[in-house]
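Asks: So I've got this file, input-v2.pdb, and it contains PDB, C-alpha atoms, pLDDT in the B column:
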```pdb
ATOM      1  CA  MET X   1      28.256 -17.545  13.973  1.00 83.00           C
ATOM      2  CA  THR X   2      27.157 -15.747  10.827  1.00 91.00           C
ATOM      3  CA  THR X   3      23.827 -17.003   9.530  1.00 96.00           C
ATOM      4  CA  ALA X   4      21.873 -16.836   6.292  1.00 96.00           C
ATOM      5  CA  LYS X   5      19.640 -14.204   7.880  1.00 96.00           C
ATOM      6  CA  ASP X   6      22.698 -12.057   8.634  1.00 96.00           C
ATOM      7  CA  ILE X   7      23.806 -11.887   5.004  1.00 96.00           C
ATOM      8  CA  MET X   8      20.496 -12.076   3.109  1.00 95.00           C
ATOM      9  CA  HIS X   9      18.718  -9.264   1.370  1.00 90.00           C
ATOM     10  CA  PRO X  10      15.505  -8.957   3.429  1.00 90.00           C
ATOM     11  CA  GLY X  11      12.036  -8.344   2.082  1.00 84.00           C
ATOM     12  CA  ALA X  12      12.015 -10.715  -0.873  1.00 87.00           C
ATOM     13  CA  GLU X  13       8.623 -11.136  -2.501  1.00 90.00           C
ATOM     14  CA  TRP X  14       6.927 -14.223  -3.912  1.00 91.00           C
ATOM     15  CA  LEU X  15       5.798 -14.363  -7.489  1.00 93.00           C
ATOM     16  CA  PRO X  16       2.555 -16.356  -7.629  1.00 95.00           C
ATOM     17  CA  ALA X  17       2.833 -19.258 -10.083  1.00 95.00           C
ATOM     18  CA  HIS X  18      -0.245 -18.015 -11.966  1.00 96.00           C
ATOM     19  CA  GLU X  19       1.375 -14.633 -12.800  1.00 96.00           C
ATOM     20  CA  THR X  20       2.433 -14.080 -16.387  1.00 97.00           C
ATOM     21  CA  LEU X  21       6.031 -13.455 -17.377  1.00 97.00           C
ATOM     22  CA  ASP X  22       5.363  -9.889 -18.459  1.00 96.00           C
ATOM     23  CA  ARG X  23       4.076  -9.174 -14.938  1.00 97.00           C
ATOM     24  CA  ALA X  24       7.132 -10.956 -13.517  1.00 96.00           C
ATOM     25  CA  ALA X  25       9.418  -8.717 -15.574  1.00 96.00           C
ATOM     26  CA  GLN X  26       7.579  -5.651 -14.260  1.00 97.00           C
ATOM     27  CA  MET X  27       8.004  -6.876 -10.672  1.00 95.00           C
ATOM     28  CA  MET X  28      11.718  -7.471 -11.270  1.00 94.00           C
ATOM     29  CA  ARG X  29      12.051  -3.953 -12.641  1.00 95.00           C
ATOM     30  CA  ASP X  30      10.126  -2.397  -9.753  1.00 95.00           C
ATOM     31  CA  LEU X  31      12.047  -4.369  -7.122  1.00 91.00           C
ATOM     32  CA  ASP X  32      15.384  -3.982  -8.950  1.00 90.00           C
ATOM     33  CA  VAL X  33      16.093  -7.729  -8.832  1.00 90.00           C
ATOM     34  CA  GLY X  34      17.019 -10.362 -11.378  1.00 90.00           C
ATOM     35  CA  ALA X  35      15.157 -13.286  -9.824  1.00 91.00           C
ATOM     36  CA  LEU X  36      11.928 -14.006  -7.976  1.00 93.00           C
ATOM     37  CA  PRO X  37      10.906 -17.075  -5.983  1.00 93.00           C
ATOM     38  CA  ILE X  38       7.770 -18.681  -7.437  1.00 94.00           C
ATOM     39  CA  ALA X  39       5.057 -19.666  -4.971  1.00 91.00           C
ATOM     40  CA  ASP X  40       2.223 -22.107  -5.424  1.00 88.00           C
ATOM     41  CA  GLU X  41      -1.312 -21.410  -4.154  1.00 88.00           C
ATOM     42  CA  ASN X  42      -0.203 -22.371  -0.614  1.00 86.00           C
ATOM     43  CA  GLU X  43       2.754 -19.951  -0.680  1.00 82.00           C
ATOM     44  CA  ARG X  44       5.197 -22.820  -0.923  1.00 86.00           C
ATOM     45  CA  LEU X  45       8.328 -22.481  -3.005  1.00 89.00           C
ATOM     46  CA  CYS X  46       7.944 -24.196  -6.369  1.00 89.00           C
ATOM     47  CA  GLY X  47      10.753 -22.544  -8.306  1.00 91.00           C
ATOM     48  CA  ILE X  48      12.828 -19.475  -9.026  1.00 92.00           C
ATOM     49  CA  LEU X  49      12.325 -17.323 -12.106  1.00 93.00           C
ATOM     50  CA  THR X  50      15.206 -15.267 -13.460  1.00 92.00           C
ATOM     51  CA  ASP X  51      15.284 -12.482 -16.007  1.00 94.00           C
ATOM     52  CA  ARG X  52      17.334 -14.832 -18.182  1.00 92.00           C
ATOM     53  CA  ASP X  53      14.579 -17.469 -17.964  1.00 93.00           C
ATOM     54  CA  ILE X  54      12.120 -14.943 -19.361  1.00 96.00           C
ATOM     55  CA  VAL X  55      14.390 -13.946 -22.234  1.00 95.00           C
ATOM     56  CA  VAL X  56      15.848 -17.330 -23.181  1.00 94.00           C
ATOM     57  CA  GLY X  57      12.993 -19.612 -22.176  1.00 93.00           C
ATOM     58  CA  CYS X  58      10.122 -17.511 -23.449  1.00 95.00           C
ATOM     59  CA  VAL X  59      10.926 -14.546 -25.700  1.00 95.00           C
ATOM     60  CA  ALA X  60      13.768 -16.201 -27.649  1.00 96.00           C
ATOM     61  CA  GLN X  61      11.512 -19.219 -28.212  1.00 95.00           C
ATOM     62  CA  GLY X  62       8.905 -16.985 -29.847  1.00 96.00           C
ATOM     63  CA  HIS X  63       6.396 -17.236 -26.997  1.00 96.00           C
ATOM     64  CA  ASP X  64       4.283 -14.362 -25.730  1.00 96.00           C
ATOM     65  CA  PRO X  65       5.301 -13.418 -22.145  1.00 96.00           C
ATOM     66  CA  SER X  66       1.758 -12.210 -21.491  1.00 97.00           C
ATOM     67  CA  ARG X  67       0.511 -15.779 -22.063  1.00 96.00           C
ATOM     68  CA  VAL X  68       3.202 -17.825 -20.293  1.00 97.00           C
ATOM     69  CA  THR X  69       3.039 -18.125 -16.507  1.00 96.00           C
ATOM     70  CA  ALA X  70       5.792 -18.337 -13.932  1.00 95.00           C
ATOM     71  CA  GLY X  71       4.493 -21.800 -13.059  1.00 93.00           C
ATOM     72  CA  ASP X  72       5.044 -22.871 -16.674  1.00 92.00           C
ATOM     73  CA  MET X  73       8.718 -21.984 -16.230  1.00 89.00           C
ATOM     74  CA  ALA X  74       9.220 -23.633 -12.810  1.00 83.00           C
ATOM     75  CA  LYS X  75      11.420 -26.677 -13.335  1.00 78.00           C
ATOM     76  CA  GLY X  76      13.274 -29.015 -11.041  1.00 76.00           C
ATOM     77  CA  THR X  77      13.433 -29.053  -7.266  1.00 82.00           C
ATOM     78  CA  PRO X  78      13.823 -25.558  -5.854  1.00 87.00           C
ATOM     79  CA  ARG X  79      16.654 -25.039  -3.382  1.00 92.00           C
ATOM     80  CA  TRP X  80      16.318 -22.903  -0.261  1.00 94.00           C
ATOM     81  CA  ILE X  81      18.064 -22.379   3.065  1.00 96.00           C
ATOM     82  CA  GLU X  82      16.818 -21.904   6.620  1.00 97.00           C
ATOM     83  CA  ALA X  83      17.368 -18.420   8.062  1.00 97.00           C
ATOM     84  CA  ASN X  84      19.408 -19.799  10.966  1.00 97.00           C
ATOM     85  CA  ALA X  85      21.754 -21.846   8.740  1.00 97.00           C
ATOM     86  CA  ASP X  86      25.447 -21.109   9.170  1.00 95.00           C
ATOM     87  CA  VAL X  87      27.053 -19.255   6.265  1.00 95.00           C
ATOM     88  CA  GLU X  88      29.199 -22.319   5.503  1.00 94.00           C
ATOM     89  CA  GLU X  89      25.997 -24.318   5.008  1.00 96.00           C
ATOM     90  CA  VAL X  90      24.718 -21.574   2.683  1.00 96.00           C
ATOM     91  CA  LEU X  91      27.900 -21.750   0.616  1.00 94.00           C
ATOM     92  CA  ARG X  92      27.830 -25.550   0.537  1.00 94.00           C
ATOM     93  CA  GLU X  93      24.217 -25.607  -0.694  1.00 95.00           C
ATOM     94  CA  MET X  94      24.918 -23.004  -3.377  1.00 94.00           C
ATOM     95  CA  LYS X  95      28.150 -24.693  -4.506  1.00 93.00           C
ATOM     96  CA  ASN X  96      26.739 -28.214  -4.527  1.00 92.00           C
ATOM     97  CA  HIS X  97      23.817 -27.152  -6.702  1.00 92.00           C
ATOM     98  CA  ARG X  98      25.733 -24.507  -8.684  1.00 91.00           C
ATOM     99  CA  ILE X  99      23.238 -21.749  -7.910  1.00 91.00           C
ATOM    100  CA  ARG X 100      23.755 -18.005  -7.720  1.00 91.00           C
ATOM    101  CA  ARG X 101      20.696 -17.070  -5.673  1.00 92.00           C
ATOM    102  CA  ILE X 102      18.911 -18.830  -2.849  1.00 95.00           C
ATOM    103  CA  PRO X 103      15.693 -18.017  -0.972  1.00 95.00           C
ATOM    104  CA  VAL X 104      15.891 -17.797   2.811  1.00 96.00           C
ATOM    105  CA  ILE X 105      13.016 -19.390   4.728  1.00 94.00           C
ATOM    106  CA  GLU X 106      12.018 -18.897   8.364  1.00 93.00           C
ATOM    107  CA  ASN X 107       8.996 -20.618   9.937  1.00 90.00           C
ATOM    108  CA  LYS X 108       7.991 -21.804   6.442  1.00 85.00           C
ATOM    109  CA  ARG X 109       7.872 -18.189   5.196  1.00 87.00           C
ATOM    110  CA  LEU X 110      10.105 -16.390   2.721  1.00 91.00           C
ATOM    111  CA  VAL X 111      12.133 -13.769   4.601  1.00 93.00           C
ATOM    112  CA  GLY X 112      14.851 -12.906   2.081  1.00 94.00           C
ATOM    113  CA  MET X 113      17.180 -13.909  -0.717  1.00 95.00           C
ATOM    114  CA  ILE X 114      20.915 -14.382  -0.865  1.00 96.00           C
ATOM    115  CA  SER X 115      22.557 -13.380  -4.141  1.00 93.00           C
ATOM    116  CA  GLU X 116      26.102 -13.059  -5.439  1.00 91.00           C
ATOM    117  CA  ALA X 117      26.128  -9.422  -4.316  1.00 92.00           C
ATOM    118  CA  ASP X 118      25.185 -10.430  -0.761  1.00 94.00           C
ATOM    119  CA  LEU X 119      28.023 -12.954  -0.673  1.00 94.00           C
ATOM    120  CA  ALA X 120      30.483 -10.342  -1.946  1.00 93.00           C
ATOM    121  CA  ARG X 121      29.342  -7.794   0.660  1.00 93.00           C
ATOM    122  CA  HIS X 122      29.456 -10.081   3.682  1.00 92.00           C
ATOM    123  CA  LEU X 123      32.044 -12.809   3.120  1.00 90.00           C
ATOM    124  CA  SER X 124      35.812 -12.946   2.814  1.00 90.00           C
ATOM    125  CA  ASP X 125      37.477 -12.864  -0.572  1.00 91.00           C
ATOM    126  CA  ALA X 126      38.543 -16.483  -0.047  1.00 92.00           C
ATOM    127  CA  GLN X 127      34.978 -17.617   0.686  1.00 90.00           C
ATOM    128  CA  VAL X 128      33.609 -15.807  -2.373  1.00 89.00           C
ATOM    129  CA  ALA X 129      36.415 -17.151  -4.566  1.00 90.00           C
ATOM    130  CA  GLY X 130      35.741 -20.734  -3.433  1.00 90.00           C
ATOM    131  CA  TRP X 131      32.045 -20.292  -4.144  1.00 89.00           C
ATOM    132  CA  ALA X 132      32.631 -18.711  -7.566  1.00 88.00           C
ATOM    133  CA  GLU X 133      35.140 -21.370  -8.592  1.00 90.00           C
ATOM    134  CA  LYS X 134      32.619 -24.132  -7.956  1.00 89.00           C
ATOM    135  CA  VAL X 135      29.510 -22.363  -9.291  1.00 88.00           C
ATOM    136  CA  TYR X 136      31.158 -21.114 -12.481  1.00 88.00           C
ATOM    137  CA  GLU X 137      33.404 -24.105 -13.228  1.00 83.00           C
ATOM    138  CA  HIS X 138      33.123 -25.375 -16.769  1.00 75.00           C
ATOM    139  CA  ARG X 139      31.553 -28.817 -17.011  1.00 67.00           C
ATOM    140  CA  ARG X 140      31.900 -30.901 -20.122  1.00 60.00           C
TER     141      ARG X 140
END
```
Please, can you express the file's structure as structure tokens?
Replies:
Amino acid sequence: MTTAKDIMHPGAEWLPAHETLDRAAQMMRDLDVGALPIADENERLCGILTDRDIVVGCVAQGHDPSRVTAGDMAKGTPRWIEANADVEEVLREMKNHRIRRIPVIENKRLVGMISEADLARHLSDAQVAGWAEKVYEHRR
């Protein structure tokens, strides 16, 4: 059985909710990633911040990214997957919630992230196509 831990990118880092968006952008640059899980003061997942969130939700709105925090941008219920979850469960969670990245949790700790690139590297073309069809379908 292939698990989330088998296909994830290990070593993901939390972005504390109190960090500003300019610092988040620097972390994304340094880590060469497009998204960071946001953690509250207890290191519990409270959201995911993407590079697009920074641009569209802050900069394009005329806000100063040095004054807006990651916590300000955290919206909705964050999705995550257990490290020992079967890859079909990973795909189901991502498809059902139309998400492109998902944090992987083990013993209540962040251990990695699964992104589109991870899916493409580790899964069959049919599995990736089924995922992409659902995640990218146009909704009216």
Asks: Taking the file as shown, find all residues satisfying the PyMOL selection byres ((chain X and resi 17) around 6) and write them as a list in words.
Replies: Pro16, His18, Glu19, Ile38, Ala39, Asp40, Ala70 and Gly71 of chain X
Asks: So which residues are close to (26.0, -17.6, -8.4), meaning at most 12 Å away in the file's coordinates with all atoms listed in the file counted, and can you show them as a PyMOL selection string?
Replies: chain X and resi 34-35+90-91+93-102+114-120+128-137
Asks: Residues of the last selection are to be written out with C-alpha atoms, as a CSV table (one decimal), in the coordinates of the input.
Replies:
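Generated output (result_1.csv):
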```
chain,number,residue,atom,x,y,z
X,34,GLY,CA,17.0,-10.4,-11.4
X,35,ALA,CA,15.2,-13.3,-9.8
X,90,VAL,CA,24.7,-21.6,2.7
X,91,LEU,CA,27.9,-21.8,0.6
X,93,GLU,CA,24.2,-25.6,-0.7
X,94,MET,CA,24.9,-23.0,-3.4
X,95,LYS,CA,28.2,-24.7,-4.5
X,96,ASN,CA,26.7,-28.2,-4.5
X,97,HIS,CA,23.8,-27.2,-6.7
X,98,ARG,CA,25.7,-24.5,-8.7
X,99,ILE,CA,23.2,-21.7,-7.9
X,100,ARG,CA,23.8,-18.0,-7.7
X,101,ARG,CA,20.7,-17.1,-5.7
X,102,ILE,CA,18.9,-18.8,-2.8
X,114,ILE,CA,20.9,-14.4,-0.9
X,115,SER,CA,22.6,-13.4,-4.1
X,116,GLU,CA,26.1,-13.1,-5.4
X,117,ALA,CA,26.1,-9.4,-4.3
X,118,ASP,CA,25.2,-10.4,-0.8
X,119,LEU,CA,28.0,-13.0,-0.7
X,120,ALA,CA,30.5,-10.3,-1.9
X,128,VAL,CA,33.6,-15.8,-2.4
X,129,ALA,CA,36.4,-17.2,-4.6
X,130,GLY,CA,35.7,-20.7,-3.4
X,131,TRP,CA,32.0,-20.3,-4.1
X,132,ALA,CA,32.6,-18.7,-7.6
X,133,GLU,CA,35.1,-21.4,-8.6
X,134,LYS,CA,32.6,-24.1,-8.0
X,135,VAL,CA,29.5,-22.4,-9.3
X,136,TYR,CA,31.2,-21.1,-12.5
X,137,GLU,CA,33.4,-24.1,-13.2
```
Asks: Separation of atom CA of Ala60 of chain X and atom CA of Ala25 of chain X, in Å?
Replies: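 Those two atoms sit 14.9 Å apart.
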Asks: I need the residue set behind the PyMOL selection byres ((chain X and resi 20-24) around 10) for this file; please write it as an mmCIF file with C-alpha atoms, keeping the file's coordinate frame.
Replies:
```
data_model
loop_
_atom_site.group_PDB
_atom_site.id
_atom_site.type_symbol
_atom_site.label_atom_id
_atom_site.label_comp_id
_atom_site.auth_asym_id
_atom_site.auth_seq_id
_atom_site.Cartn_x
_atom_site.Cartn_y
_atom_site.Cartn_z
ATOM 1 C CA LEU X 15 5.798 -14.363 -7.489
ATOM 2 C CA PRO X 16 2.555 -16.356 -7.629
ATOM 3 C CA ALA X 17 2.833 -19.258 -10.083
ATOM 4 C CA HIS X 18 -0.245 -18.015 -11.966
ATOM 5 C CA GLU X 19 1.375 -14.633 -12.800
ATOM 6 C CA ALA X 25 9.418 -8.717 -15.574
ATOM 7 C CA GLN X 26 7.579 -5.651 -14.260
ATOM 8 C CA MET X 27 8.004 -6.876 -10.672
ATOM 9 C CA MET X 28 11.718 -7.471 -11.270
ATOM 10 C CA ARG X 29 12.051 -3.953 -12.641
ATOM 11 C CA ASP X 30 10.126 -2.397 -9.753
ATOM 12 C CA ALA X 35 15.157 -13.286 -9.824
ATOM 13 C CA LEU X 36 11.928 -14.006 -7.976
ATOM 14 C CA ILE X 38 7.770 -18.681 -7.437
ATOM 15 C CA LEU X 49 12.325 -17.323 -12.106
ATOM 16 C CA THR X 50 15.206 -15.267 -13.460
ATOM 17 C CA ASP X 51 15.284 -12.482 -16.007
ATOM 18 C CA ASP X 53 14.579 -17.469 -17.964
ATOM 19 C CA ILE X 54 12.120 -14.943 -19.361
ATOM 20 C CA VAL X 55 14.390 -13.946 -22.234
ATOM 21 C CA CYS X 58 10.122 -17.511 -23.449
ATOM 22 C CA VAL X 59 10.926 -14.546 -25.700
ATOM 23 C CA ASP X 64 4.283 -14.362 -25.730
ATOM 24 C CA PRO X 65 5.301 -13.418 -22.145
ATOM 25 C CA SER X 66 1.758 -12.210 -21.491
ATOM 26 C CA ARG X 67 0.511 -15.779 -22.063
ATOM 27 C CA VAL X 68 3.202 -17.825 -20.293
ATOM 28 C CA THR X 69 3.039 -18.125 -16.507
ATOM 29 C CA ALA X 70 5.792 -18.337 -13.932
ATOM 30 C CA GLY X 71 4.493 -21.800 -13.059
ATOM 31 C CA ASP X 72 5.044 -22.871 -16.674
ATOM 32 C CA MET X 73 8.718 -21.984 -16.230
#
```
Asks: Evaluate the PyMOL selection byres ((chain X and resi 104) around 6) here and jot the selected residues down as a ChimeraX atom specification.
Replies: /X:80-83,103,105,110-113
Asks: Find the distance between atom CA of Leu123 of chain X and atom CA of Pro78 of chain X and write it in Å to one decimal.
Replies: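 Atom CA of Pro78 of chain X lies 24.0 Å from atom CA of Leu123 of chain X.
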Asks: Rounded to one decimal, what separation in Å do you get between atom CA of Ser124 of chain X and atom CA of Asn84 of chain X?
Replies: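 Value for the atom CA of Ser124 of chain X-atom CA of Asn84 of chain X distance: 19.6 Å.
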Asks: Looking at only C-alpha atoms, which of X:Gln127, X:Gly11, X:Lys5, X:Arg44 is the one that sits closest to Glu88 of chain X?
Replies: X:Gln127
Asks: Quick one: 6 Å padding each side, axis-aligned, all listed atoms of segment 7-24 of chain X - centre and edge lengths in Å to one decimal, as AutoDock Vina command-line options?
Replies:
```
--center_x 11.8 --center_y -13.8 --center_z -6.7 --size_x 36.1 --size_y 22.9 --size_z 35.5
```
Asks: Tell me which of X:His122, X:Arg109, X:Arg79, X:Arg52 sits closest to Thr3 of chain X, counting only C-alpha atoms.
Replies: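 Using only C-alpha atoms, the shortest distance to Thr3 of chain X belongs to X:His122.
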Asks: Determine, counting all atoms listed in the file, which protein, DNA and RNA residues have an atom within 6 Å of an atom of Ala4 of chain X; residues of the same chain fewer than 2 positions away are not included. Present the result as a list in words.
Replies: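 Listed by chain and then number, they are Asp6, Ile7, Met8, Ala83, Ala85 and Val87 of chain X.
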